[in-house]
file target.txt (compact mmCIF, C-alpha atoms)
# COMPACT_ATOMS: atom_id res chain seq x y z
CA MET W 1 54.78 54.66 -137.97
CA GLN W 2 56.51 51.97 -135.90
CA ASP W 3 59.64 50.40 -137.39
CA TYR W 4 58.59 46.75 -137.07
CA PRO W 5 55.70 44.67 -138.49
CA ALA W 6 52.40 44.74 -136.64
CA MET W 7 50.22 41.73 -135.91
CA SER W 8 47.92 40.92 -138.81
CA ALA W 9 45.20 38.55 -137.54
CA ALA W 10 41.84 40.17 -136.90
CA VAL W 11 40.04 39.88 -133.57
CA ASP W 12 37.51 36.99 -133.55
CA ARG W 13 39.35 35.06 -136.25
CA VAL W 14 38.87 31.29 -135.77
CA GLU W 15 41.26 28.73 -137.28
CA PRO W 16 41.97 25.02 -136.70
CA VAL W 17 45.05 24.08 -134.70
CA PRO W 18 47.08 21.49 -136.67
CA ARG W 19 49.04 20.44 -133.56
CA ARG W 20 48.16 18.01 -130.83
CA VAL W 21 47.41 20.01 -127.69
CA ARG W 22 47.64 18.58 -124.17
CA ALA W 23 47.47 20.13 -120.73
CA MET W 24 48.12 18.78 -117.25
CA ILE W 25 47.18 19.35 -113.65
CA GLY W 26 49.82 17.82 -111.44
CA ASP W 27 50.90 14.64 -113.21
CA GLU W 28 47.51 14.01 -114.83
CA VAL W 29 46.65 14.83 -118.45
CA VAL W 30 43.24 16.51 -118.45
CA ILE W 31 43.18 17.83 -122.05
CA ASP W 32 44.27 15.82 -125.06
CA THR W 33 43.06 16.93 -128.49
CA THR W 34 43.93 17.19 -132.16
CA ARG W 35 40.80 19.31 -132.74
CA ALA W 36 41.61 22.50 -130.86
CA LEU W 37 40.73 25.87 -132.36
CA TYR W 38 42.70 29.10 -132.39
CA VAL W 39 40.51 32.08 -131.45
CA TRP W 40 41.99 35.58 -131.57
CA GLU W 41 40.52 37.48 -128.63
CA TRP W 42 42.97 40.30 -129.38
CA PRO W 43 45.41 40.79 -132.29
CA ASN W 44 48.66 39.70 -130.63
CA TYR W 45 48.00 35.99 -130.19
CA PRO W 46 45.17 33.44 -130.06
CA GLN W 47 43.75 31.29 -127.28
CA PHE W 48 42.91 27.59 -127.49
CA TYR W 49 39.25 26.58 -127.52
CA ILE W 50 39.00 22.84 -126.76
CA PRO W 51 36.14 20.47 -127.73
CA VAL W 52 34.51 19.42 -124.46
CA GLU W 53 34.70 15.77 -125.58
CA ASP W 54 38.51 16.05 -125.45
CA VAL W 55 38.54 17.11 -121.79
CA LYS W 56 38.92 14.27 -119.30
CA PRO W 57 35.45 13.28 -118.00
CA GLY W 58 34.65 14.52 -114.51
CA VAL W 59 37.31 17.23 -114.50
CA LEU W 60 34.94 20.09 -115.33
CA VAL W 61 32.60 21.16 -112.54
CA ASP W 62 29.70 23.40 -113.52
CA GLU W 63 29.53 26.44 -111.23
CA ASP W 64 25.93 27.29 -112.15
CA HIS W 65 26.93 30.70 -113.50
CA VAL W 66 25.76 31.65 -116.98
CA GLN W 67 27.62 34.38 -118.84
CA LYS W 68 26.39 36.28 -121.90
CA LEU W 69 29.64 36.90 -123.75
CA LYS W 70 30.68 38.37 -127.06
CA ARG W 71 31.09 34.95 -128.65
CA GLY W 72 27.95 33.41 -127.15
CA THR W 73 26.47 32.11 -123.92
CA ALA W 74 28.89 30.21 -121.70
CA ARG W 75 28.64 28.35 -118.42
CA GLN W 76 31.46 28.95 -115.95
CA GLN W 77 33.41 25.84 -114.95
CA ALA W 78 35.77 24.88 -112.16
CA LEU W 79 38.46 22.21 -112.48
CA ARG W 80 38.73 19.33 -110.04
CA VAL W 81 41.45 16.68 -110.07
CA GLY W 82 41.68 14.65 -106.87
CA ASP W 83 42.16 17.13 -104.02
CA ILE W 84 42.94 19.99 -106.42
CA HIS W 85 40.06 22.40 -106.98
CA ARG W 86 40.42 25.48 -109.18
CA PRO W 87 37.38 27.73 -109.40
CA GLU W 88 36.51 29.97 -112.36
CA ALA W 89 38.95 28.02 -114.53
CA ALA W 90 37.01 27.71 -117.78
CA ARG W 91 33.94 28.61 -119.83
CA LEU W 92 31.88 26.07 -121.78
CA TYR W 93 30.14 27.59 -124.80
CA GLY W 94 26.56 26.67 -125.68
CA ASP W 95 24.54 26.30 -128.87
CA ASP W 96 24.30 30.02 -129.59
CA ALA W 97 28.10 30.47 -129.83
CA VAL W 98 29.63 31.88 -132.98
CA THR W 99 30.23 29.37 -135.74
CA GLY W 100 32.51 26.55 -134.67
CA LEU W 101 32.67 27.36 -130.95
CA SER W 102 29.58 25.55 -129.68
CA GLY W 103 30.63 22.79 -127.31
CA THR W 104 34.15 24.14 -126.86
CA VAL W 105 35.85 25.10 -123.61
CA ARG W 106 38.01 28.17 -123.18
CA PHE W 107 40.41 27.59 -120.25
CA GLU W 108 42.28 30.15 -118.20
CA TRP W 109 45.88 29.35 -119.13
CA SER W 110 47.13 29.52 -115.54
CA ALA W 111 44.43 27.10 -114.34
CA LEU W 112 46.52 24.28 -115.85
CA ASP W 113 49.99 23.42 -114.60
CA ALA W 114 51.53 22.75 -118.01
CA TRP W 115 50.51 23.02 -121.68
CA TYR W 116 52.07 21.15 -124.60
CA GLU W 117 51.99 21.56 -128.36
CA GLU W 118 52.90 18.06 -129.54
CA ASP W 119 55.62 17.10 -127.00
CA GLU W 120 57.06 20.56 -126.39
CA GLU W 121 55.94 22.60 -123.40
CA VAL W 122 54.52 26.01 -124.24
CA PHE W 123 54.46 28.92 -121.81
CA VAL W 124 52.15 31.92 -121.24
CA HIS W 125 49.82 31.43 -124.24
CA PRO W 126 49.56 29.49 -127.52
CA ARG W 127 52.09 30.30 -130.19
CA ASN W 128 50.67 32.54 -132.87
CA PRO W 129 50.90 30.74 -136.26
CA TYR W 130 51.30 34.13 -137.96
CA THR W 131 54.24 35.22 -135.81
CA ARG W 132 57.84 34.85 -136.95
CA VAL W 133 60.69 34.91 -134.47
CA ASP W 134 64.11 35.00 -136.15
CA ALA W 135 67.49 35.25 -134.41
CA LEU W 136 70.14 36.67 -136.74
CA ARG W 137 73.80 37.44 -136.05
CA SER W 138 74.81 41.00 -136.91
CA THR W 139 77.98 43.12 -137.05
CA ARG W 140 76.06 46.42 -136.73
CA HIS W 141 77.34 48.53 -133.85
CA VAL W 142 74.82 48.55 -131.00
CA GLN W 143 75.16 50.53 -127.78
CA VAL W 144 72.83 50.61 -124.76
CA GLU W 145 72.79 53.58 -122.38
CA LEU W 146 70.70 54.77 -119.46
CA ASP W 147 71.15 58.06 -117.62
CA GLY W 148 74.49 58.50 -119.38
CA LEU W 149 75.78 55.07 -118.30
CA VAL W 150 76.94 52.74 -121.08
CA LEU W 151 75.45 49.36 -120.22
CA ALA W 152 76.47 47.37 -123.30
CA ASP W 153 78.50 47.96 -126.46
CA SER W 154 78.93 45.46 -129.27
CA SER W 155 79.46 44.83 -132.95
CA SER W 156 78.49 41.16 -132.60
CA THR W 157 74.94 41.05 -131.27
CA VAL W 158 72.25 38.56 -132.15
CA MET W 159 69.15 40.43 -133.30
CA VAL W 160 65.75 38.89 -132.60
CA PHE W 161 63.00 39.92 -134.99
CA GLU W 162 59.57 39.03 -133.64
CA THR W 163 56.29 39.99 -135.29
CA GLY W 164 54.54 42.70 -133.32
CA LEU W 165 57.55 43.66 -131.18
CA PRO W 166 60.58 45.90 -131.65
CA THR W 167 63.86 44.24 -132.56
CA ARG W 168 65.68 42.91 -129.49
CA TYR W 169 69.49 43.01 -129.33
CA TYR W 170 71.22 40.20 -127.45
CA PHE W 171 74.76 40.87 -126.21
CA ASN W 172 77.60 38.57 -125.27
CA ARG W 173 78.10 38.80 -121.51
CA THR W 174 81.65 40.09 -122.02
CA GLU W 175 80.14 43.13 -123.78
CA VAL W 176 77.84 44.06 -120.88
CA ASP W 177 79.03 46.28 -118.02
CA PHE W 178 77.80 44.36 -114.97
CA SER W 179 79.10 47.03 -112.59
CA HIS W 180 75.79 48.85 -113.18
CA LEU W 181 73.59 45.74 -113.01
CA GLU W 182 72.02 44.08 -109.98
CA TRP W 183 70.66 40.53 -109.98
CA SER W 184 66.88 40.13 -109.75
CA ASP W 185 64.80 37.11 -108.77
CA THR W 186 62.29 37.82 -111.56
CA VAL W 187 61.43 34.94 -113.90
CA THR W 188 59.32 35.35 -117.02
CA ALA W 189 58.38 33.03 -119.85
CA CYS W 190 57.83 33.34 -123.58
CA PRO W 191 55.97 30.91 -125.86
CA TYR W 192 58.72 31.21 -128.47
CA LYS W 193 61.89 31.38 -126.36
CA GLY W 194 61.20 29.50 -123.11
CA LYS W 195 61.79 30.59 -119.50
CA THR W 196 64.31 33.22 -118.48
CA THR W 197 67.21 32.16 -116.31
CA GLY W 198 68.36 35.63 -115.32
CA TYR W 199 67.03 39.16 -114.82
CA TRP W 200 68.95 42.31 -113.87
CA SER W 201 68.01 45.77 -112.68
CA VAL W 202 70.13 48.83 -113.41
CA ARG W 203 71.53 51.01 -110.61
CA SER W 204 71.94 54.67 -111.61
CA GLY W 205 73.05 56.67 -108.61
CA ASP W 206 70.32 56.29 -106.00
CA VAL W 207 67.76 55.08 -108.54
CA LEU W 208 67.15 51.40 -109.22
CA HIS W 209 65.53 50.74 -112.60
CA GLU W 210 63.99 47.33 -112.07
CA ASP W 211 64.20 44.36 -114.45
CA LEU W 212 65.63 46.02 -117.54
CA ALA W 213 67.73 43.09 -118.79
CA TRP W 214 67.27 39.35 -119.08
CA ALA W 215 68.79 36.12 -120.40
CA TYR W 216 67.66 32.70 -121.55
CA ASP W 217 70.37 30.15 -120.85
CA PHE W 218 68.22 27.29 -122.15
CA THR W 219 66.05 28.30 -125.10
CA THR W 220 63.74 26.56 -127.50
CA ALA W 221 65.57 24.98 -130.43
CA ALA W 222 64.67 27.79 -132.83
CA LEU W 223 66.18 30.47 -130.59
CA GLU W 224 69.42 28.70 -129.64
CA PRO W 225 71.55 31.59 -131.01
CA ILE W 226 70.51 33.74 -128.00
CA ALA W 227 71.30 31.14 -125.33
CA GLY W 228 73.26 32.79 -122.53
CA LEU W 229 73.15 36.26 -124.11
CA ILE W 230 71.64 39.37 -122.50
CA ALA W 231 69.02 41.74 -123.90
CA PHE W 232 67.55 45.02 -122.66
CA TYR W 233 64.05 46.46 -122.99
CA ASN W 234 64.24 48.97 -125.85
CA GLU W 235 61.25 50.68 -124.20
CA LYS W 236 63.28 51.52 -121.06
CA VAL W 237 66.85 52.23 -122.24
CA ASP W 238 68.49 54.34 -124.94
CA LEU W 239 69.74 52.42 -127.96
CA THR W 240 72.12 53.59 -130.66
CA ILE W 241 72.54 51.55 -133.85
CA ASP W 242 75.51 52.42 -136.09
CA GLY W 243 75.64 55.83 -134.46
CA LYS W 244 71.92 56.57 -134.94
CA PRO W 245 69.84 56.96 -131.76
CA LEU W 246 66.59 54.99 -131.74
CA THR W 247 63.34 56.35 -130.39
CA ARG W 248 62.09 54.32 -127.44
CA PRO W 249 59.14 52.27 -128.73
CA VAL W 250 55.85 52.16 -126.84
CA THR W 251 54.55 48.64 -126.22
CA HIS W 252 52.81 46.75 -123.42
CA PHE W 253 56.31 46.40 -121.87
CA SER W 254 56.74 50.18 -121.57

call {"tool": "encode", "arguments": {"input": "target.txt", "output": "structure tokens"}}
result
Amino acid sequence: MQDYPAMSAAVDRVEPVPRRVRAMIGDEVVIDTTRALYVWEWPNYPQFYIPVEDVKPGVLVDEDHVQKLKRGTARQQALRVGDIHRPEAARLYGDDAVTGLSGTVRFEWSALDAWYEEDEEVFVHPRNPYTRVDALRSTRHVQVELDGLVLADSSSTVMVFETGLPTRYYFNRTEVDFSHLEWSDTVTACPYKGKTTGYWSVRSGDVLHEDLAWAYDFTTAALEPIAGLIAFYNEKVDLTIDGKPLTRPVTHFS
């Protein structure tokens, strides 16, 4: 049994989105709705399905490709805004779609340049309404090692508890041994935390373990306690908490 809560929403669950959802291509708003739906295509998080009436007229371009999908028949759509053309960007569901999805459009997230829930930009995918992400200060002793190298040691971490993921331990930079770390150009994003501002690989002898640590210098408001701190992938390093070694968890980050 894993030592953190699993996701609870079932695949194919459909729920209304109580937030205003907007999306942009360039500087033009092409989606603006208060009637979006959450659809769980897998347990970890939902996707937005948008009423076609709330998509800017003329933006969708039918590609004359009909798809028989699990949730109904859909017509493949491109997006066109001025000189910008993005093929295979969306699917428009027809009358035989599962309850509530007829006349909705499911967009590829990356086909839009920016997504917003109310006036806050959201990255990667919609935020799961059943996910909690809590950042709590802790005086438990946490140590990070890899190949016998101590990478971080602290009794003042901030622990991040996120539904469906192992606990992450964020260290003050003064408690991280940067002599083993090498800067990386990698940038990732999280719907709940924001965009990373730093990534580091770990050098162990002749071996470079890529992108094991990261930081968010500018976080969302809810995760401000981790701003500027550094965390490591539990899946790829050896963690000891109050003297007890933790088993490396297996997740999609492994």

call {"tool": "residues_around", "arguments": {"input": "target.txt", "residues": "segment 60-71 of chain W", "least_positions_apart": "6", "cutoff": "8 Å", "atoms": "only C-alpha atoms", "output": "CSV table (one decimal) with C-alpha atoms, in the frame of the given file"}}
result
chain,number,residue,atom,x,y,z
W,77,GLN,CA,33.4,25.8,-115.0
W,78,ALA,CA,35.8,24.9,-112.2
W,79,LEU,CA,38.5,22.2,-112.5
W,80,ARG,CA,38.7,19.3,-110.0
W,88,GLU,CA,36.5,30.0,-112.4
W,97,ALA,CA,28.1,30.5,-129.8
W,98,VAL,CA,29.6,31.9,-133.0

call {"tool": "residues_around", "arguments": {"input": "target.txt", "residues": "Leu165 of chain W", "least_positions_apart": "2", "cutoff": "12 Å", "atoms": "all atoms listed in the file", "output": "number ranges by chain"}}
result
W: 2-7, 44, 131-134, 160-163, 167-168, 233-235, 249-254

call {"tool": "atom_distance", "arguments": {"input": "target.txt", "atom1": "atom CA of Met159 of chain W", "atom2": "atom CA of Thr139 of chain W"}}
result
10.0 Å

call {"tool": "atom_distance", "arguments": {"input": "target.txt", "atom1": "atom CA of Ala222 of chain W", "atom2": "atom CA of Thr157 of chain W"}}
result
16.8 Å

call {"tool": "residues_around", "arguments": {"input": "target.txt", "residues": "segment 181-193 of chain W", "least_positions_apart": "5", "cutoff": "7 Å", "atoms": "only C-alpha atoms", "output": "list in words"}}
result
Val122, Phe123, Val124, His125, Pro126, Arg127, Tyr199, Trp200, Ser201, Val202, Arg203, Asp211, Thr219, Thr220 and Leu223 of chain W

call {"tool": "closest_residue", "arguments": {"input": "target.txt", "among": "W:Arg20, W:His85, W:Arg35, W:His209", "to": "Val105 of chain W", "atoms": "all atoms listed in the file"}}
result
W:Arg35

call {"tool": "axis_aligned_box", "arguments": {"input": "target.txt", "around": "segment 121-140 of chain W", "padding_each_side": "4 Å", "output": "AutoDock Vina command-line options"}}
result
--center_x 63.8 --center_y 34.5 --center_z -129.6 --size_x 36.4 --size_y 31.8 --size_z 24.7

call {"tool": "closest_residue", "arguments": {"input": "target.txt", "among": "W:Tyr170, W:Trp115, W:Tyr130, W:Tyr49", "to": "Leu92 of chain W", "atoms": "only C-alpha atoms"}}
result
W:Tyr49

call {"tool": "atom_distance", "arguments": {"input": "target.txt", "atom1": "atom CA of Ala135 of chain W", "atom2": "atom CA of Pro18 of chain W"}}
result
24.7 Å

call {"tool": "closest_residue", "arguments": {"input": "target.txt", "among": "W:Val150, W:Thr197, W:Val144, W:Val39", "to": "Lys236 of chain W", "atoms": "all atoms listed in the file"}}
result
W:Val144

call {"tool": "residues_near_point", "arguments": {"input": "target.txt", "point": "(39.9, 29.0, -120.0)", "cutoff": "10 Å", "atoms": "all atoms listed in the file", "output": "PyMOL selection string"}}
result
chain W and resi 47-50+76-78+88-92+105-112

call {"tool": "residues_around", "arguments": {"input": "target.txt", "residues": "Glu175 of chain W", "least_positions_apart": "5", "cutoff": "8 Å", "atoms": "all atoms listed in the file", "output": "JSON, numbers by chain"}}
result
{"W": [152, 153, 154]}
